[in-house]
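Visitor: Quick one: the structure is below, and I'll ask about it shortly.
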Amino acid sequence: MSKRIHVVPHNEGWATRREGATRVSSVHPTQTAATQQARTTAIRERGEVIIHRPNGQIRDANSYGNDPYPPKG
């Protein structure tokens with residue numbers, strides 16, 4: 001299973017869903033609550049959180065593991 005966790009709009013609020021999964025992992029009343037849950041899981045599994053806007057577009061992404069492409073500098 002992928003270590004990417006998406007925070008997506010859901011008919012009951014916001015949900016977390018692993019990339020490639022057909023069902024959501026958890027449902028939350030706010031985007032902030034869903035993001036916090038996804039972040040906790042991503043830190044534990046050294047994964048990535050991808051946050052979507054209400055229209056489905058990607059708003060932000062955060063990596064919590066070994067980033068294969070670290071910024072130079």
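Every chain in the structure tokens has a letter given in the order shown (A, B, ...), and although residue numbers restart at 1 in each chain, ligands are simply numbered from 1 in the order shown.
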Identify, on the basis of only C-alpha atoms, every residue whose closest approach to Arg59 (chain A) does not exceed 10 Å; exclude the query and any residue fewer than 6 positions from it along the same chain; express the result as an NGL selection string.

Guide: :A and (7 or 50-53)

Visitor: Got a sec to tell me which of region 8-46 of chain A DSSP assigns to alpha helix (DSSP H), as a PyMOL selection string?

Guide: chain A and resi 31-45

Visitor: Only all heavy atoms, please: the residues just picked out, written as a short mmCIF file (atom, residue, chain, number, x, y, z; two decimals), in the first residue's frame.

Guide:
```cif
data_model
loop_
_atom_site.label_atom_id
_atom_site.label_comp_id
_atom_site.auth_asym_id
_atom_site.auth_seq_id
_atom_site.Cartn_x
_atom_site.Cartn_y
_atom_site.Cartn_z
N GLN A 31 -11.41 20.08 7.44
CA GLN A 31 -10.19 19.76 6.72
C GLN A 31 -9.00 19.73 7.68
O GLN A 31 -8.11 18.89 7.54
CB GLN A 31 -9.95 20.78 5.61
CG GLN A 31 -8.77 20.44 4.72
CD GLN A 31 -8.54 21.47 3.64
OE1 GLN A 31 -8.67 22.66 3.88
NE2 GLN A 31 -8.19 21.01 2.46
N THR A 32 -9.00 20.60 8.67
CA THR A 32 -7.92 20.64 9.65
C THR A 32 -7.82 19.33 10.42
O THR A 32 -6.73 18.79 10.61
CB THR A 32 -8.12 21.82 10.63
OG1 THR A 32 -8.17 23.03 9.87
CG2 THR A 32 -7.00 21.89 11.64
N ALA A 33 -8.94 18.81 10.86
CA ALA A 33 -8.94 17.54 11.60
C ALA A 33 -8.46 16.40 10.73
O ALA A 33 -7.67 15.55 11.18
CB ALA A 33 -10.34 17.24 12.13
N ALA A 34 -8.88 16.37 9.48
CA ALA A 34 -8.43 15.31 8.56
C ALA A 34 -6.94 15.43 8.29
O ALA A 34 -6.23 14.43 8.24
CB ALA A 34 -9.22 15.39 7.25
N THR A 35 -6.46 16.66 8.14
CA THR A 35 -5.03 16.88 7.89
C THR A 35 -4.20 16.44 9.09
O THR A 35 -3.13 15.83 8.92
CB THR A 35 -4.77 18.36 7.57
OG1 THR A 35 -5.55 18.72 6.43
CG2 THR A 35 -3.32 18.63 7.28
N GLN A 36 -4.66 16.72 10.29
CA GLN A 36 -3.93 16.31 11.49
C GLN A 36 -3.84 14.79 11.58
O GLN A 36 -2.78 14.25 11.92
CB GLN A 36 -4.59 16.88 12.74
CG GLN A 36 -4.41 18.36 12.90
CD GLN A 36 -5.21 18.94 14.06
OE1 GLN A 36 -6.10 18.30 14.60
NE2 GLN A 36 -4.88 20.17 14.43
N GLN A 37 -4.92 14.09 11.27
CA GLN A 37 -4.91 12.63 11.29
C GLN A 37 -3.96 12.08 10.24
O GLN A 37 -3.18 11.17 10.49
CB GLN A 37 -6.32 12.08 11.06
CG GLN A 37 -6.38 10.58 10.95
CD GLN A 37 -5.95 9.88 12.24
OE1 GLN A 37 -6.30 10.32 13.32
NE2 GLN A 37 -5.19 8.82 12.12
N ALA A 38 -4.03 12.64 9.03
CA ALA A 38 -3.15 12.20 7.95
C ALA A 38 -1.68 12.46 8.30
O ALA A 38 -0.81 11.62 8.04
CB ALA A 38 -3.52 12.92 6.66
N ARG A 39 -1.40 13.60 8.91
CA ARG A 39 -0.03 13.94 9.30
C ARG A 39 0.51 12.96 10.34
O ARG A 39 1.64 12.50 10.25
CB ARG A 39 0.01 15.37 9.85
CG ARG A 39 1.38 15.85 10.23
CD ARG A 39 1.33 17.31 10.70
NE ARG A 39 2.66 17.78 11.02
CZ ARG A 39 3.23 17.68 12.22
NH1 ARG A 39 2.57 17.13 13.22
NH2 ARG A 39 4.45 18.12 12.42
N THR A 40 -0.31 12.63 11.32
CA THR A 40 0.10 11.67 12.36
C THR A 40 0.46 10.33 11.72
O THR A 40 1.50 9.73 12.05
CB THR A 40 -1.03 11.48 13.38
OG1 THR A 40 -1.31 12.73 13.99
CG2 THR A 40 -0.65 10.47 14.45
N THR A 41 -0.36 9.86 10.80
CA THR A 41 -0.10 8.59 10.12
C THR A 41 1.15 8.69 9.25
O THR A 41 1.98 7.77 9.24
CB THR A 41 -1.31 8.18 9.26
OG1 THR A 41 -2.46 8.11 10.11
CG2 THR A 41 -1.09 6.84 8.60
N ALA A 42 1.30 9.79 8.54
CA ALA A 42 2.46 9.96 7.66
C ALA A 42 3.76 10.03 8.45
O ALA A 42 4.79 9.48 8.01
CB ALA A 42 2.29 11.22 6.82
N ILE A 43 3.75 10.66 9.60
CA ILE A 43 4.95 10.72 10.43
C ILE A 43 5.31 9.31 10.90
O ILE A 43 6.47 8.90 10.85
CB ILE A 43 4.76 11.67 11.63
CG1 ILE A 43 4.73 13.12 11.13
CG2 ILE A 43 5.85 11.48 12.67
CD1 ILE A 43 4.31 14.12 12.19
N ARG A 44 4.32 8.55 11.35
CA ARG A 44 4.55 7.19 11.83
C ARG A 44 5.08 6.29 10.72
O ARG A 44 5.98 5.48 10.95
CB ARG A 44 3.25 6.62 12.42
CG ARG A 44 3.43 5.24 13.04
CD ARG A 44 2.13 4.70 13.63
NE ARG A 44 1.15 4.46 12.58
CZ ARG A 44 -0.06 5.05 12.51
NH1 ARG A 44 -0.43 5.91 13.42
NH2 ARG A 44 -0.88 4.77 11.53
N GLU A 45 4.55 6.44 9.51
CA GLU A 45 4.92 5.56 8.41
C GLU A 45 5.96 6.17 7.46
O GLU A 45 6.30 5.57 6.45
CB GLU A 45 3.67 5.18 7.62
CG GLU A 45 2.68 4.41 8.46
CD GLU A 45 1.43 4.05 7.68
OE1 GLU A 45 1.36 4.34 6.47
OE2 GLU A 45 0.51 3.48 8.29
#
```

Visitor: With distances taken over only C-alpha atoms, which residue among A:Val8, A:Ala15, A:Ala21, A:Val27 lies nearest Gly56 (chain A)?

Guide: A:Val8

Visitor: Figure out the distance between CA of Ile5 (chain A) and CA of Gly20 (chain A), please, to one decimal in Å.

Guide: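 For CA of Gly20 (chain A) relative to CA of Ile5 (chain A), the distance reads 9.6 Å.
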
Visitor: DSSP on the backbone: what in chain A comes out strand (DSSP E), as a list in words?

Guide: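 The strand (DSSP E) residues within chain A come out as Arg4, Ile5, His6, Val7, Val8, Pro9, His10, Gly13, Trp14, Ala15, Thr16, Arg17, Arg18, Ser26, Val27, His28, Glu48, Val49, Ile50, Ile51, His52, Ile58, Arg59, Asp60, Ala61, Asn62 and Ser63 of chain A.
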
Visitor: Please measure the separation of CA of Glu12 (chain A) and CA of Gly47 (chain A), giving the value in Å to one decimal.

Guide: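 Computing it gives 25.4 Å between the two atoms.
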
Visitor: When you draw a straight line from CA of Val49 (chain A) to CA of Ser63 (chain A), how long is it in Å?

Guide: 6.4 Å

Visitor: Please determine, counting only C-alpha atoms, which residue among A:Arg46, A:Asn55, A:Pro29, A:Glu19 has the shortest atom-to-atom distance to His6 (chain A).

Guide: A:Glu19
